[in-house]
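Colleague: Quick one: this structure, given as structure tokens, is what I'll be asking you about.
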Amino acid sequence: MGAIAGRVAVITGASSGIGAAIARELSEAGAYLVLTARRQDRLEALAADLPGKSAVLSADITMPETPETLLAFATAQFGRADILVNNAGILRVGPLDTFDLAHLSPMIATNYEAPVRTSYVFARAMKAAGGGSIVNISSIGAHLTAAGVGIYGGLKKALEMASDALRIELAGSGVRVGLVAPGTTATEIFADMKAHGEQGWDEYITPLQPEDIARAVRYLLEQPARANVARMHVYAAADSH
Ligand SMILES: NC(=O)c1ccc[n+]([C@@H]2O[C@H](COP(=O)([O-])OP(=O)(O)OC[C@H]3O[C@@H](n4cnc5c(N)ncnc54)[C@H](OP(=O)(O)O)[C@@H]3O)[C@@H](O)[C@H]2O)c1
């Protein structure tokens, strides 16, 4: 078994964008995949198009029982879970006067509580098994601030703090925790913005493509057991932040 070949990787938010690209990258590298998101049709279409074995679990990652269900599903399908990529996320932005506070709880649930809960559930199993890798998808927004983006960036920053603490707690256990922080990447995450007549961030500059982020995730996972590339920031080359 290689660093990725023959490993079992669970990818959240695999139905579009960065998650789908990570699925393709890891499948090409020989991983067995568990693909999860809410849109089953998208997951099944992706699974049918991948070169390697995969299994699909349609679930809402914000439901507290989903991480345990995912772990049980991966174990039933492939015998274990070696890699977890916490990628599912949503983006709602807006300044004080217009931000819809109805978006606050779903953003906290999706972008913070779900990856933390899923990391803990999988980390406990990986620690017991003596090895594994967890990659959390953050954002360059965790390190920048501007009007209208404090809630999203703050949740990513909180996720980074929780991930770092978990990395420290797991040091020496064989379980590695790392972060990839994407810059502006052309995905459906900007669809809500565009539906409200705003320009998507991916329309201001030449954006990254999802596969650029997938390559970074693969790089983290391909390191020898002694090395942990614990954080990687991937900026669009045209980004002046
Ligand atoms: N695109 C960027 O510029 C950018 C930059 C920095 C960081 N990121 C981060 O990258 C990650 C992936 O985003 P993306 O750009 O690829 O966006 P995307 O194309 O909109 O994909 C988001 C994924 O998350 C899933 N998801 C959302 N809510 C969910 C829920 N409640 N339960 C289960 N799955 C859920 C979606 O699937 P379903 O709707 O089918 O459930 C979808 O697969 C996010 O964490 C995002 O914050 C993106």
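A note on labels: chains of the structure tokens are A, B, ... as shown, every chain counts residues from 1, and ligands are counted from 1 in their shown order.
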Would you please extract all alpha helix (DSSP H) residues from range 142-178 of chain A, as assigned by DSSP on the backbone, and give them as a ChimeraX atom specification?

Modeller: /A:150-169

Colleague: Write out, as a short mmCIF file (atom, residue, chain, number, x, y, z; two decimals), in the first residue's frame, the residues just selected, with N, CA and C atoms.

Modeller:
```
data_model
loop_
_atom_site.label_atom_id
_atom_site.label_comp_id
_atom_site.auth_asym_id
_atom_site.auth_seq_id
_atom_site.Cartn_x
_atom_site.Cartn_y
_atom_site.Cartn_z
N GLY A 150 -16.18 38.81 7.56
CA GLY A 150 -15.67 38.44 8.89
C GLY A 150 -16.24 37.14 9.42
N ILE A 151 -17.49 36.85 9.11
CA ILE A 151 -18.11 35.64 9.68
C ILE A 151 -17.50 34.40 9.01
N TYR A 152 -17.45 34.42 7.69
CA TYR A 152 -16.86 33.29 6.96
C TYR A 152 -15.38 33.11 7.35
N GLY A 153 -14.62 34.20 7.30
CA GLY A 153 -13.19 34.11 7.62
C GLY A 153 -12.97 33.70 9.07
N GLY A 154 -13.80 34.21 9.96
CA GLY A 154 -13.67 33.87 11.37
C GLY A 154 -13.90 32.39 11.63
N LEU A 155 -14.87 31.82 10.93
CA LEU A 155 -15.13 30.38 11.11
C LEU A 155 -13.98 29.55 10.56
N LYS A 156 -13.38 29.99 9.44
CA LYS A 156 -12.22 29.27 8.90
C LYS A 156 -11.03 29.40 9.86
N LYS A 157 -10.89 30.56 10.47
CA LYS A 157 -9.79 30.75 11.43
C LYS A 157 -10.00 29.83 12.64
N ALA A 158 -11.24 29.76 13.09
CA ALA A 158 -11.55 28.86 14.21
C ALA A 158 -11.26 27.41 13.83
N LEU A 159 -11.59 27.03 12.60
CA LEU A 159 -11.30 25.67 12.13
C LEU A 159 -9.79 25.44 12.12
N GLU A 160 -9.03 26.45 11.72
CA GLU A 160 -7.57 26.29 11.70
C GLU A 160 -7.02 26.09 13.12
N MET A 161 -7.55 26.84 14.08
CA MET A 161 -7.09 26.68 15.47
C MET A 161 -7.41 25.28 15.98
N ALA A 162 -8.61 24.82 15.72
CA ALA A 162 -9.01 23.49 16.18
C ALA A 162 -8.16 22.41 15.49
N SER A 163 -7.87 22.61 14.21
CA SER A 163 -7.05 21.63 13.46
C SER A 163 -5.64 21.57 14.02
N ASP A 164 -5.08 22.75 14.30
CA ASP A 164 -3.71 22.79 14.82
C ASP A 164 -3.62 22.10 16.18
N ALA A 165 -4.62 22.36 17.03
CA ALA A 165 -4.62 21.72 18.35
C ALA A 165 -4.73 20.21 18.21
N LEU A 166 -5.54 19.77 17.25
CA LEU A 166 -5.69 18.33 17.03
C LEU A 166 -4.37 17.73 16.52
N ARG A 167 -3.71 18.47 15.63
CA ARG A 167 -2.39 18.01 15.14
C ARG A 167 -1.43 17.81 16.30
N ILE A 168 -1.44 18.77 17.22
CA ILE A 168 -0.53 18.69 18.37
C ILE A 168 -0.92 17.51 19.28
N GLU A 169 -2.22 17.36 19.51
CA GLU A 169 -2.67 16.24 20.37
C GLU A 169 -2.31 14.88 19.78
#
```

Colleague: Using only C-alpha atoms, which protein or nucleic acid residues come within 8 Å of range 211-218 of chain A? Drop anything in the same chain fewer than 3 positions from it, and give the result as a tab-separated table (two decimals) with all heavy atoms, in the first residue's frame.

Modeller:
```tsv
chain	number	residue	atom	x	y	z
A	18	ILE	N	-14.23	21.87	-5.49
A	18	ILE	CA	-12.95	21.39	-4.97
A	18	ILE	C	-13.06	19.93	-4.51
A	18	ILE	O	-12.15	19.13	-4.74
A	18	ILE	CB	-12.48	22.33	-3.84
A	18	ILE	CG1	-12.14	23.71	-4.43
A	18	ILE	CG2	-11.30	21.74	-3.08
A	18	ILE	CD1	-11.91	24.81	-3.39
A	19	GLY	N	-14.15	19.57	-3.87
A	19	GLY	CA	-14.31	18.19	-3.38
A	19	GLY	C	-14.32	17.18	-4.51
A	19	GLY	O	-13.69	16.11	-4.42
A	21	ALA	N	-12.91	17.59	-7.40
A	21	ALA	CA	-11.55	17.54	-7.95
A	21	ALA	C	-10.62	16.72	-7.06
A	21	ALA	O	-9.77	15.98	-7.55
A	21	ALA	CB	-11.01	18.96	-8.13
A	22	ILE	N	-10.79	16.84	-5.75
A	22	ILE	CA	-9.97	16.02	-4.82
A	22	ILE	C	-10.29	14.54	-5.04
A	22	ILE	O	-9.40	13.69	-5.06
A	22	ILE	CB	-10.23	16.44	-3.35
A	22	ILE	CG1	-9.73	17.88	-3.11
A	22	ILE	CG2	-9.55	15.47	-2.38
A	22	ILE	CD1	-10.19	18.48	-1.77
A	25	GLU	N	-8.51	13.42	-8.16
A	25	GLU	CA	-7.04	13.36	-7.94
A	25	GLU	C	-6.68	12.11	-7.13
A	25	GLU	O	-5.74	11.38	-7.47
A	25	GLU	CB	-6.60	14.63	-7.21
A	25	GLU	CG	-5.11	14.78	-7.02
A	25	GLU	CD	-4.37	15.28	-8.25
A	25	GLU	OE1	-4.91	16.12	-8.98
A	25	GLU	OE2	-3.24	14.79	-8.48
A	26	LEU	N	-7.40	11.87	-6.05
A	26	LEU	CA	-7.06	10.73	-5.17
A	26	LEU	C	-7.43	9.41	-5.83
A	26	LEU	O	-6.74	8.40	-5.64
A	26	LEU	CB	-7.73	10.88	-3.81
A	26	LEU	CG	-7.34	12.13	-3.00
A	26	LEU	CD1	-7.88	12.03	-1.57
A	26	LEU	CD2	-5.84	12.35	-2.97
A	135	VAL	N	-7.20	16.09	6.40
A	135	VAL	CA	-6.92	17.37	5.74
A	135	VAL	C	-8.19	18.22	5.83
A	135	VAL	O	-9.26	17.80	5.36
A	135	VAL	CB	-6.52	17.18	4.27
A	135	VAL	CG1	-6.24	18.53	3.62
A	135	VAL	CG2	-5.31	16.27	4.15
A	180	VAL	N	-5.34	22.86	4.07
A	180	VAL	CA	-5.09	23.53	2.79
A	180	VAL	C	-6.03	24.72	2.74
A	180	VAL	O	-7.24	24.58	2.91
A	180	VAL	CB	-5.33	22.59	1.59
A	180	VAL	CG1	-5.24	23.36	0.28
A	180	VAL	CG2	-4.30	21.45	1.59
A	182	PRO	N	-7.39	27.40	0.32
A	182	PRO	CA	-7.48	27.85	-1.06
A	182	PRO	C	-7.70	29.36	-1.16
A	182	PRO	O	-8.37	29.95	-0.31
A	182	PRO	CB	-8.71	27.13	-1.63
A	182	PRO	CG	-9.08	26.09	-0.61
A	182	PRO	CD	-8.57	26.59	0.70
A	208	LEU	N	-8.19	30.37	-9.47
A	208	LEU	CA	-7.69	29.00	-9.43
A	208	LEU	C	-8.78	28.08	-9.97
A	208	LEU	O	-9.97	28.43	-9.97
A	208	LEU	CB	-7.37	28.60	-7.99
A	208	LEU	CG	-6.22	29.36	-7.32
A	208	LEU	CD1	-6.35	29.32	-5.82
A	208	LEU	CD2	-4.90	28.78	-7.78
A	221	LEU	N	-0.76	14.54	1.33
A	221	LEU	CA	-0.97	13.12	1.62
A	221	LEU	C	0.20	12.25	1.17
A	221	LEU	O	0.37	11.14	1.69
A	221	LEU	CB	-2.27	12.65	0.95
A	221	LEU	CG	-3.54	13.28	1.52
A	221	LEU	CD1	-4.75	12.94	0.63
A	221	LEU	CD2	-3.79	12.80	2.96
A	222	GLU	N	0.98	12.74	0.22
A	222	GLU	CA	2.07	11.91	-0.33
A	222	GLU	C	3.36	12.02	0.46
A	222	GLU	O	4.35	11.37	0.10
A	222	GLU	CB	2.31	12.28	-1.80
A	222	GLU	CG	1.27	11.64	-2.71
A	222	GLU	CD	1.50	11.93	-4.18
A	222	GLU	OE1	2.10	12.96	-4.50
A	222	GLU	OE2	1.05	11.10	-5.00
A	232	MET	N	-0.93	24.64	3.92
A	232	MET	CA	-0.54	25.10	2.60
A	232	MET	C	-1.55	26.14	2.15
A	232	MET	O	-2.75	25.91	2.22
A	232	MET	CB	-0.52	23.92	1.63
A	232	MET	CG	0.16	24.26	0.32
A	232	MET	SD	0.12	22.88	-0.80
A	232	MET	CE	1.45	21.91	-0.17
A	234	VAL	N	-2.82	28.32	-1.05
A	234	VAL	CA	-2.74	28.32	-2.51
A	234	VAL	C	-3.47	29.57	-3.00
A	234	VAL	O	-4.70	29.64	-2.91
A	234	VAL	CB	-3.38	27.06	-3.12
A	234	VAL	CG1	-3.17	27.04	-4.63
A	234	VAL	CG2	-2.82	25.79	-2.48
```

Colleague: Counting only C-alpha atoms, which of A:Val93, A:Ile11, A:Ala191, A:Ala72 gets nearest to Asn136 in chain A?

Modeller: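 Smallest distance to Asn136 in chain A is found for A:Ile11.
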
Colleague: Env of Val121 in chain A: 12 Å cut, atoms = only C-alpha atoms, seq-sep filter 2 positions within chain, self excluded. Answer as JSON, numbers by chain.

Modeller: {"A": [64, 65, 66, 67, 68, 69, 70, 71, 72, 81, 84, 114, 115, 116, 117, 118, 119, 123, 124, 125, 126, 127, 128, 134, 166]}

Colleague: Report, in Å to a single decimal, how far apart CA of Lys194 in chain A and atom 7 (C, counted along the ligand's line) of ligand 1 are.

Modeller: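 So the answer is 17.1 Å.
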
Colleague: Calculated over only C-alpha atoms, which of the candidates A:Ala238, A:Thr62, A:Thr145, A:Ala5 has the smallest distance to Ser105 in chain A?

Modeller: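 Result for the nearest residue to Ser105 in chain A: A:Thr62.
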
Colleague: If you run DSSP on this backbone, which residues of range 30-200 of chain A come out as strand (DSSP E or B), and could you give them as a PyMOL selection string?

Modeller: chain A and resi 32-37+54-58+83-86+132-137+175-182+185

Colleague: Just the number, please: distance in Å from CA of Gly131 in chain A to CA of Ala88 in chain A, one decimal.

Modeller: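 Atom-to-atom, CA of Gly131 in chain A to CA of Ala88 in chain A, that is 23.2 Å.
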
Colleague: Using only C-alpha atoms and all ligand atoms, what are the residues with an atom within 6 Å of ligand 1, set out as number ranges by chain?

Modeller: A: 13-19, 37-39, 59-62, 87-90, 110, 137-139, 182-189

Colleague: List the spatial neighbours of Ser27 in chain A as a PyMOL selection string - criterion: any atom at most 8 Å away, only C-alpha atoms, same-chain residues fewer than 5 positions off excluded.

Modeller: chain A and resi 32-33+50-53

Colleague: What is the CA of Gly141 in chain A to CA of Ala181 in chain A distance in Å?

Modeller: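 So the answer is 8.2 Å.
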
Colleague: For Leu91 in chain A, please output as a ChimeraX atom specification all residues within 9 Å (counting only C-alpha atoms; exclusion window: fewer than 4 positions along the same chain).

Modeller: /A:107,111,152,189-190,192-193

Colleague: Could you name the residues that touch Val34 in chain A at 6 Å or less, counting only C-alpha atoms, but leaving out those on the same chain fewer than 6 positions away, as number ranges by chain?

Modeller: A: 10, 54-56

Colleague: Using only C-alpha atoms, which of the listed residues (A:Ala9, A:Val149, A:Ala76, A:Met63) sits closest to Arg92 in chain A?

Modeller: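 Under the stated criterion, the closest residue is A:Val149.
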
Colleague: Counting only C-alpha atoms, what is within 9 Å of Gly6 in chain A, bar same-chain residues fewer than 5 positions away, as a list in words?

Modeller: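 Those residues are Met1, Ala29, Gly30, Ala31 and Tyr32 of chain A.
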